[in-house]
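Data block for final17.txt (compact mmCIF, C-alpha atoms):
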# COMPACT_ATOMS: atom_id res chain seq x y z
CA PHE A 10 15.67 -21.35 12.76
CA HIS A 11 12.79 -23.73 12.18
CA ASP A 12 10.42 -20.77 11.88
CA TRP A 13 12.41 -19.22 9.03
CA TYR A 14 10.21 -21.40 6.82
CA ARG A 15 7.92 -24.16 8.05
CA PHE A 16 6.96 -27.08 5.85
CA VAL A 17 3.45 -28.11 6.80
CA LEU A 18 4.38 -31.81 6.54
CA SER A 19 7.52 -31.62 8.70
CA PHE A 20 7.87 -33.40 12.02
CA PRO A 21 8.39 -31.40 15.25
CA PRO A 22 11.91 -30.46 16.41
CA HIS A 23 11.36 -31.90 19.88
CA LEU A 24 10.99 -35.34 18.29
CA VAL A 25 14.50 -35.06 16.85
CA ARG A 26 15.87 -33.88 20.18
CA HIS A 27 14.23 -36.87 21.88
CA TYR A 28 15.82 -39.33 19.45
CA LEU A 29 19.24 -37.72 19.73
CA ASP A 30 19.01 -38.24 23.48
CA ASP A 31 17.45 -41.70 23.25
CA PHE A 32 20.12 -42.96 20.82
CA ASN A 33 22.88 -41.25 22.82
CA VAL A 34 24.25 -39.55 19.70
CA GLY A 35 27.65 -38.07 20.52
CA PRO A 36 29.70 -35.16 19.15
CA GLU A 37 31.64 -37.38 16.72
CA ASP A 38 28.49 -38.98 15.29
CA PRO A 39 27.28 -37.59 11.94
CA VAL A 40 23.48 -37.50 11.63
CA LEU A 41 21.71 -38.06 8.30
CA ASP A 42 18.23 -37.22 7.06
CA PRO A 43 17.83 -38.74 3.57
CA PHE A 44 14.39 -37.12 3.15
CA CYS A 45 15.46 -33.79 4.57
CA GLY A 46 12.47 -31.60 3.69
CA THR A 47 13.15 -28.20 5.20
CA GLY A 48 15.89 -29.29 7.55
CA THR A 49 14.45 -30.16 10.96
CA THR A 50 16.92 -32.96 11.66
CA VAL A 51 19.95 -31.12 10.27
CA ILE A 52 19.12 -27.96 12.27
CA GLU A 53 18.69 -29.87 15.52
CA ALA A 54 21.91 -31.79 14.95
CA ARG A 55 23.84 -28.58 14.35
CA ARG A 56 22.32 -26.91 17.41
CA ARG A 57 23.87 -29.75 19.42
CA HIS A 58 27.22 -29.26 17.69
CA LEU A 59 26.78 -32.46 15.68
CA SER A 60 27.54 -32.83 11.99
CA GLY A 61 24.24 -32.83 10.10
CA ILE A 62 23.77 -34.08 6.53
CA GLY A 63 20.59 -33.92 4.49
CA LEU A 64 19.43 -35.19 1.11
CA GLU A 65 16.43 -33.51 -0.54
CA ALA A 66 15.11 -33.83 -4.11
CA ASN A 67 12.60 -30.94 -4.07
CA PRO A 68 14.57 -27.83 -5.20
CA PHE A 69 12.64 -25.39 -3.05
CA ALA A 70 12.77 -27.55 0.08
CA HIS A 71 16.50 -28.04 -0.53
CA PHE A 72 16.92 -24.26 -0.82
CA ALA A 73 14.98 -23.63 2.39
CA SER A 74 16.89 -26.19 4.44
CA SER A 75 20.23 -24.92 3.11
CA VAL A 76 19.43 -21.34 4.12
CA LYS A 77 18.14 -22.42 7.53
CA ILE A 78 21.58 -23.78 8.43
CA GLY A 79 23.32 -20.61 7.18
CA TRP A 80 24.18 -19.11 10.55
CA GLU A 81 27.42 -17.37 9.56
CA LEU A 82 25.71 -14.34 8.03
CA SER A 83 26.07 -11.10 10.00
CA PRO A 84 22.67 -10.16 11.46
CA ASP A 85 23.46 -6.46 11.10
CA GLU A 86 24.34 -6.92 7.43
CA LEU A 87 21.04 -8.72 6.79
CA LEU A 88 18.98 -6.11 8.65
CA LEU A 89 20.59 -3.12 6.94
CA ALA A 90 20.29 -4.66 3.49
CA ALA A 91 16.64 -5.58 4.05
CA GLN A 92 15.80 -2.08 5.21
CA GLU A 93 17.38 -0.58 2.10
CA ILE A 94 15.55 -3.01 -0.20
CA ALA A 95 12.25 -2.35 1.56
CA HIS A 96 12.78 1.41 1.17
CA THR A 97 13.33 0.98 -2.57
CA ALA A 98 10.27 -1.25 -2.99
CA LEU A 99 8.04 1.09 -0.99
CA GLY A 100 9.20 4.00 -3.13
CA ILE A 101 8.26 2.17 -6.32
CA LEU A 102 4.85 1.25 -4.95
CA ALA A 103 4.23 4.78 -3.68
CA ALA A 104 4.98 6.17 -7.14
CA GLN A 105 2.24 3.86 -8.43
CA GLY A 106 -0.19 5.12 -5.81
CA ILE A 107 -0.01 1.92 -3.79
CA GLY A 108 0.51 1.89 -0.03
CA ASP A 109 1.77 -1.22 1.70
CA ASN A 110 0.23 -0.80 5.14
CA ALA A 111 -3.00 0.89 4.04
CA PRO A 112 -4.79 -1.89 2.14
CA PHE A 113 -7.31 -0.99 -0.53
CA ALA A 114 -10.89 -1.97 0.21
CA THR A 115 -11.63 -3.16 -3.33
CA PRO A 116 -9.63 -5.33 -5.72
CA HIS A 117 -10.09 -3.05 -8.75
CA MET A 118 -7.73 -0.17 -9.41
CA ASP A 119 -6.65 1.80 -12.47
CA ILE A 120 -3.08 0.57 -12.14
CA PRO A 121 -1.44 -2.00 -14.44
CA LEU A 122 -0.53 -4.74 -12.00
CA ARG A 123 2.45 -7.04 -12.44
CA ARG A 124 1.64 -10.66 -13.24
CA LEU A 125 3.52 -13.90 -13.57
CA ASP A 126 4.49 -15.35 -16.90
CA PRO A 127 1.33 -17.11 -18.25
CA GLU A 128 3.03 -20.54 -18.19
CA ALA A 129 4.06 -20.08 -14.59
CA GLU A 130 0.66 -18.67 -13.60
CA GLN A 131 -1.05 -21.83 -14.84
CA LEU A 132 0.85 -23.87 -12.26
CA LEU A 133 -0.72 -22.08 -9.28
CA LEU A 134 -3.89 -23.10 -7.51
CA THR A 135 -6.67 -20.78 -8.68
CA HIS A 136 -6.96 -17.73 -6.39
CA SER A 137 -3.98 -18.85 -4.30
CA ILE A 138 -2.80 -15.22 -4.27
CA SER A 139 -4.78 -12.09 -5.14
CA PRO A 140 -3.64 -9.69 -7.92
CA LEU A 141 -2.58 -6.74 -5.76
CA PRO A 142 -0.56 -8.74 -3.18
CA LEU A 143 1.09 -10.55 -6.08
CA HIS A 144 1.99 -7.24 -7.70
CA LYS A 145 3.57 -6.00 -4.47
CA ALA A 146 5.47 -9.26 -4.03
CA LEU A 147 6.85 -9.13 -7.57
CA VAL A 148 7.99 -5.52 -7.08
CA LEU A 149 9.75 -6.52 -3.86
CA LEU A 150 11.25 -9.57 -5.56
CA ASP A 151 12.63 -7.38 -8.34
CA CYS A 152 14.29 -5.13 -5.78
CA LEU A 153 15.73 -8.15 -3.95
CA ASN A 154 16.98 -9.67 -7.21
CA GLN A 155 19.15 -6.62 -7.78
CA HIS A 156 21.37 -8.11 -5.06
CA ARG A 157 21.90 -11.62 -6.47
CA GLY A 158 25.22 -12.91 -5.25
CA ALA A 159 25.20 -10.87 -2.04
CA ARG A 160 25.68 -12.87 1.14
CA PHE A 161 22.23 -11.92 2.43
CA TYR A 162 20.37 -12.64 -0.81
CA GLN A 163 19.26 -16.19 -0.09
CA HIS A 164 18.09 -15.29 3.41
CA GLY A 165 16.02 -12.46 1.93
CA LEU A 166 14.54 -14.82 -0.63
CA LEU A 167 13.56 -17.38 2.00
CA ALA A 168 11.99 -14.65 4.14
CA LEU A 169 9.85 -13.67 1.16
CA ALA A 170 8.84 -17.30 0.61
CA SER A 171 7.70 -17.62 4.20
CA ALA A 172 5.77 -14.34 4.08
CA LEU A 173 4.14 -15.36 0.80
CA VAL A 174 2.81 -18.62 2.12
CA PHE A 175 1.72 -17.68 5.60
CA LYS A 176 0.85 -13.96 5.43
CA ILE A 177 0.37 -12.77 1.86
CA SER A 178 -1.34 -15.61 -0.01
CA ASN A 179 -4.86 -16.98 0.28
CA LEU A 180 -3.62 -20.48 1.08
CA HIS A 181 -4.61 -22.55 4.06
CA PHE A 182 -3.38 -25.97 5.18
CA GLY A 183 -5.49 -28.61 6.76
CA PRO A 184 -3.16 -30.57 6.24
CA GLU A 185 -3.63 -30.55 2.46
CA VAL A 186 -3.04 -27.20 0.82
CA GLY A 187 -6.13 -25.34 -0.33
CA VAL A 188 -7.49 -21.82 -0.89
CA GLY A 189 -9.16 -20.00 1.97
CA LYS A 190 -10.68 -16.54 2.27
CA LEU A 191 -9.51 -14.23 -0.50
CA LYS A 192 -7.44 -11.21 0.57
CA ASN A 193 -7.85 -8.30 -1.83
CA ASP A 194 -4.87 -6.54 -0.28
CA VAL A 195 -2.43 -7.23 2.53
CA PRO A 196 0.86 -5.70 3.68
CA VAL A 197 3.69 -7.34 1.77
CA VAL A 198 6.89 -5.38 2.43
CA SER A 199 6.21 -5.14 6.16
CA ALA A 200 5.36 -8.88 6.26
CA TRP A 201 8.73 -9.59 4.65
CA LEU A 202 10.53 -7.32 7.11
CA ALA A 203 8.88 -9.17 9.99
CA GLU A 204 10.33 -12.43 8.69
CA ILE A 205 13.73 -10.75 8.32
CA ALA A 206 13.50 -9.56 11.94
CA ASN A 207 12.97 -13.15 13.11
CA MET A 208 16.06 -14.24 11.20
CA VAL A 209 18.11 -11.38 12.63
CA ASN A 210 17.10 -12.29 16.19
CA ASP A 211 18.12 -15.92 15.69
CA LEU A 212 21.42 -15.01 14.05
CA ARG A 213 22.27 -12.79 17.02
CA VAL A 214 21.86 -15.79 19.33
CA VAL A 215 24.50 -17.85 17.51
CA ALA A 216 26.80 -14.98 16.49
CA GLY A 217 30.43 -15.63 17.44
CA GLU A 218 29.89 -19.30 18.31
CA ALA A 219 31.56 -22.06 16.29
CA TYR A 220 29.37 -24.84 14.93
CA PRO A 221 30.36 -27.95 12.98
CA PRO A 222 29.65 -27.93 9.26
CA ALA A 223 26.22 -28.92 8.03
CA VAL A 224 25.18 -29.57 4.46
CA VAL A 225 22.05 -30.41 2.50
CA HIS A 226 22.53 -31.98 -0.92
CA LEU A 227 20.03 -31.56 -3.75
CA ALA A 228 19.82 -35.29 -4.29
CA ASP A 229 17.65 -38.37 -4.66
CA ALA A 230 17.88 -40.55 -1.56
CA ARG A 231 18.21 -43.58 -3.87
CA ASN A 232 21.57 -42.17 -4.94
CA ALA A 233 22.92 -41.56 -1.45
CA ARG A 234 26.20 -43.33 -2.18
CA ALA A 235 27.16 -40.48 -4.51
CA PHE A 236 27.21 -38.10 -1.54
CA LEU A 237 28.11 -40.29 1.45
CA CYS A 238 31.25 -42.24 2.26
CA PRO A 239 30.82 -45.87 3.39
CA ALA A 240 30.20 -46.29 7.12
CA SER A 241 30.22 -42.51 7.61
CA ILE A 242 26.82 -42.09 9.30
CA ALA A 243 26.11 -42.83 12.96
CA ALA A 244 22.38 -42.06 13.08
CA VAL A 245 19.49 -41.58 10.66
CA ILE A 246 16.46 -39.56 11.73
CA THR A 247 13.94 -39.02 8.97
CA SER A 248 10.34 -39.08 7.84
CA PRO A 249 10.09 -41.05 4.59
CA PRO A 250 7.38 -40.43 1.97
CA TYR A 251 3.83 -41.01 3.16
CA PRO A 252 2.30 -44.39 2.24
CA ASN A 253 -0.51 -42.70 0.32
CA GLU A 254 -0.15 -41.01 -3.05
CA LYS A 255 0.90 -37.46 -2.19
CA ASP A 256 2.01 -34.69 -4.55
CA TYR A 257 4.76 -32.98 -2.57
CA THR A 258 5.20 -30.32 -5.25
CA ARG A 259 1.70 -29.02 -4.52
CA THR A 260 2.64 -28.07 -0.95
CA THR A 261 5.47 -25.79 -2.09
CA ARG A 262 3.91 -24.73 -5.41
CA LEU A 263 3.21 -21.03 -4.71
CA GLU A 264 6.67 -20.12 -3.47
CA SER A 265 8.39 -22.38 -6.02
CA VAL A 266 6.62 -20.64 -8.91
CA ILE A 267 6.80 -17.02 -7.73
CA LEU A 268 10.46 -17.26 -6.79
CA GLY A 269 11.36 -19.03 -10.03
CA PHE A 270 12.23 -22.54 -8.87
CA VAL A 271 9.63 -23.98 -11.26
CA LYS A 272 8.76 -22.03 -14.42
CA ASN A 273 6.49 -24.23 -16.53
CA ARG A 274 4.68 -27.56 -16.76
CA ALA A 275 7.65 -29.32 -18.34
CA GLU A 276 9.86 -28.43 -15.36
CA LEU A 277 7.09 -29.47 -12.96
CA ARG A 278 6.67 -32.85 -14.66
CA SER A 279 10.42 -33.40 -14.58
CA LEU A 280 10.52 -32.58 -10.86
CA LYS A 281 7.67 -34.95 -10.04
CA LYS A 282 9.53 -37.80 -11.71
CA THR A 283 12.48 -37.33 -9.36
CA LEU A 284 10.43 -37.46 -6.13
CA LEU A 285 9.75 -40.69 -4.27
CA ARG A 286 6.10 -41.61 -3.86
CA SER A 287 4.26 -44.50 -2.25
CA ASN A 288 4.42 -46.61 -5.40
CA THR A 289 8.06 -45.85 -6.29
CA ARG A 290 10.14 -48.95 -6.81
CA GLY A 291 13.84 -49.52 -6.49
CA VAL A 292 14.41 -48.11 -2.98
CA LEU A 293 17.16 -49.98 -1.14
CA VAL A 294 16.89 -50.00 2.65
CA ALA A 295 20.02 -51.25 4.38
Would you kindly transcribe this structure into structure tokens?
Amino acid sequence: FHDWYRFVLSFPPHLVRHYLDDFNVGPEDPVLDPFCGTGTTVIEARRRHLSGIGLEANPFAHFASSVKIGWELSPDELLLAAQEIAHTALGILAAQGIGDNAPFATPHMDIPLRRLDPEAEQLLLTHSISPLPLHKALVLLDCLNQHRGARFYQHGLLALASALVFKISNLHFGPEVGVGKLKNDVPVVSAWLAEIANMVNDLRVVAGEAYPPAVVHLADARNARAFLCPASIAAVITSPPYPNEKDYTRTTRLESVILGFVKNRAELRSLKKTLLRSNTRGVLVA
């Protein structure tokens, strides 16, 4: 489940497992991560049949962690739906003379390629994704968006986010996000299907088994009392904001913009104001 989408700044799952053992956290002990990120603590708690609760202020990270604890979806339903969506997307690309698994050698073609809205495009790191892979991704996203509201939709969206960052884009992490070697063309639909296959395999492992509820709230950790009852948490396992000035929106910028979580500079500025940073005041630690 962790591999459904990996946040480059997240801590390793084995660290959470170690602390759950070390603190002797039992089945009746709810576990909280007030800076949830993409859900490492909540996932590990649920795997141990513990009640996991997360708070996360970044909309995309909240989305990712919420999907990663969505284990009730039928794996067969997800696989069949993804195959049908991929077939539709490949048909559209083929009609445009574009193959998914036979990359073009040059970046210039006589085909009008899809682009992001200019306001959204300005938010991306320059050259973070090449024109043709972006076009393919937007065609696939359109096909996926025809199924908004379906039970598999959010899983499909997260699979696309993961493929975008780690297979389709030109990004590299070291640990700061930057632009590496430019890819004129890469497989997009097949990269997405590979991510779907990983999800399907994991869902088969937990199919038919009952797990306690887990939830991740889109929330500021400074407002935890709005989501938690007094004396309701037995253990807190978290990684708070780094002591240096770090722009957490930059790490998830590509997927947030392409998938529509952030659409313009005004929304980005508003989001940054809600995130804790090293110089944020007013944090109560009890």
query = Of the candidates A:Val25, A:Ala172, A:Ala70, A:Ala103, which one gets nearest to Thr50 in chain A if we count all atoms listed in the file?
reply = A:Val25
ask   = Between A:His226, A:Arg123, A:Arg213, A:His58, which is the closest to Phe72 in chain A once you count all atoms listed in the file?
value =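 Of A:His226, A:Arg123, A:Arg213, A:His58, the one nearest Phe72 in chain A is A:His226, counting all atoms listed in the file.
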key: Which of A:Ala219, A:Val17, A:Ala54, A:Val271 sits closest to Val245 in chain A [using only C-alpha atoms]   = A:Ala54
Spatial neighbours of range 130-141 of chain A, 6 Å, all atoms listed in the file, chain gap at least 2 places, as a ChimeraX atom specification = /A:125,127-128,143-144,178-180,188,193-194
Identify, on the basis of only C-alpha atoms, every residue whose closest approach to range 33-43 of chain A does not exceed 9 Å; exclude the query and any residue fewer than 2 positions from it along the same chain; express the result as a PDB file with C-alpha atoms, in the frame of the given file.
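The result, written out as result-v4.pdb:
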ATOM      1  CA  TYR A  28      15.820 -39.330  19.450  1.00  0.00           C
ATOM      2  CA  LEU A  29      19.240 -37.720  19.730  1.00  0.00           C
ATOM      3  CA  ASP A  30      19.010 -38.240  23.480  1.00  0.00           C
ATOM      4  CA  ASP A  31      17.450 -41.700  23.250  1.00  0.00           C
ATOM      5  CA  CYS A  45      15.460 -33.790   4.570  1.00  0.00           C
ATOM      6  CA  GLY A  46      12.470 -31.600   3.690  1.00  0.00           C
ATOM      7  CA  GLY A  48      15.890 -29.290   7.550  1.00  0.00           C
ATOM      8  CA  THR A  49      14.450 -30.160  10.960  1.00  0.00           C
ATOM      9  CA  THR A  50      16.920 -32.960  11.660  1.00  0.00           C
ATOM     10  CA  VAL A  51      19.950 -31.120  10.270  1.00  0.00           C
ATOM     11  CA  ALA A  54      21.910 -31.790  14.950  1.00  0.00           C
ATOM     12  CA  ARG A  57      23.870 -29.750  19.420  1.00  0.00           C
ATOM     13  CA  HIS A  58      27.220 -29.260  17.690  1.00  0.00           C
ATOM     14  CA  LEU A  59      26.780 -32.460  15.680  1.00  0.00           C
ATOM     15  CA  SER A  60      27.540 -32.830  11.990  1.00  0.00           C
ATOM     16  CA  GLY A  61      24.240 -32.830  10.100  1.00  0.00           C
ATOM     17  CA  ILE A  62      23.770 -34.080   6.530  1.00  0.00           C
ATOM     18  CA  GLY A  63      20.590 -33.920   4.490  1.00  0.00           C
ATOM     19  CA  LEU A  64      19.430 -35.190   1.110  1.00  0.00           C
ATOM     20  CA  GLU A  65      16.430 -33.510  -0.540  1.00  0.00           C
ATOM     21  CA  ALA A 228      19.820 -35.290  -4.290  1.00  0.00           C
ATOM     22  CA  ASP A 229      17.650 -38.370  -4.660  1.00  0.00           C
ATOM     23  CA  ALA A 230      17.880 -40.550  -1.560  1.00  0.00           C
ATOM     24  CA  ARG A 231      18.210 -43.580  -3.870  1.00  0.00           C
ATOM     25  CA  ALA A 233      22.920 -41.560  -1.450  1.00  0.00           C
ATOM     26  CA  SER A 241      30.220 -42.510   7.610  1.00  0.00           C
ATOM     27  CA  ILE A 242      26.820 -42.090   9.300  1.00  0.00           C
ATOM     28  CA  ALA A 243      26.110 -42.830  12.960  1.00  0.00           C
ATOM     29  CA  ALA A 244      22.380 -42.060  13.080  1.00  0.00           C
ATOM     30  CA  VAL A 245      19.490 -41.580  10.660  1.00  0.00           C
ATOM     31  CA  ILE A 246      16.460 -39.560  11.730  1.00  0.00           C
ATOM     32  CA  THR A 247      13.940 -39.020   8.970  1.00  0.00           C
ATOM     33  CA  SER A 248      10.340 -39.080   7.840  1.00  0.00           C
ATOM     34  CA  PRO A 249      10.090 -41.050   4.590  1.00  0.00           C
TER      35      PRO A 249
END
So which residues fall inside 12 Å of (20.9, -17.4, -1.3) if we count all atoms listed in the file? Mind giving them as a PDB file with C-alpha atoms, in the coordinates of the input?
ATOM      1  CA  PHE A  69      12.640 -25.390  -3.050  1.00  0.00           C
ATOM      2  CA  HIS A  71      16.500 -28.040  -0.530  1.00  0.00           C
ATOM      3  CA  PHE A  72      16.920 -24.260  -0.820  1.00  0.00           C
ATOM      4  CA  ALA A  73      14.980 -23.630   2.390  1.00  0.00           C
ATOM      5  CA  SER A  74      16.890 -26.190   4.440  1.00  0.00           C
ATOM      6  CA  SER A  75      20.230 -24.920   3.110  1.00  0.00           C
ATOM      7  CA  VAL A  76      19.430 -21.340   4.120  1.00  0.00           C
ATOM      8  CA  LYS A  77      18.140 -22.420   7.530  1.00  0.00           C
ATOM      9  CA  ILE A  78      21.580 -23.780   8.430  1.00  0.00           C
ATOM     10  CA  GLY A  79      23.320 -20.610   7.180  1.00  0.00           C
ATOM     11  CA  LEU A  82      25.710 -14.340   8.030  1.00  0.00           C
ATOM     12  CA  LEU A  87      21.040  -8.720   6.790  1.00  0.00           C
ATOM     13  CA  LEU A 153      15.730  -8.150  -3.950  1.00  0.00           C
ATOM     14  CA  ASN A 154      16.980  -9.670  -7.210  1.00  0.00           C
ATOM     15  CA  HIS A 156      21.370  -8.110  -5.060  1.00  0.00           C
ATOM     16  CA  ARG A 157      21.900 -11.620  -6.470  1.00  0.00           C
ATOM     17  CA  GLY A 158      25.220 -12.910  -5.250  1.00  0.00           C
ATOM     18  CA  ALA A 159      25.200 -10.870  -2.040  1.00  0.00           C
ATOM     19  CA  ARG A 160      25.680 -12.870   1.140  1.00  0.00           C
ATOM     20  CA  PHE A 161      22.230 -11.920   2.430  1.00  0.00           C
ATOM     21  CA  TYR A 162      20.370 -12.640  -0.810  1.00  0.00           C
ATOM     22  CA  GLN A 163      19.260 -16.190  -0.090  1.00  0.00           C
ATOM     23  CA  HIS A 164      18.090 -15.290   3.410  1.00  0.00           C
ATOM     24  CA  GLY A 165      16.020 -12.460   1.930  1.00  0.00           C
ATOM     25  CA  LEU A 166      14.540 -14.820  -0.630  1.00  0.00           C
ATOM     26  CA  LEU A 167      13.560 -17.380   2.000  1.00  0.00           C
ATOM     27  CA  ALA A 168      11.990 -14.650   4.140  1.00  0.00           C
ATOM     28  CA  LEU A 169       9.850 -13.670   1.160  1.00  0.00           C
ATOM     29  CA  LEU A 268      10.460 -17.260  -6.790  1.00  0.00           C
TER      30      LEU A 268
END
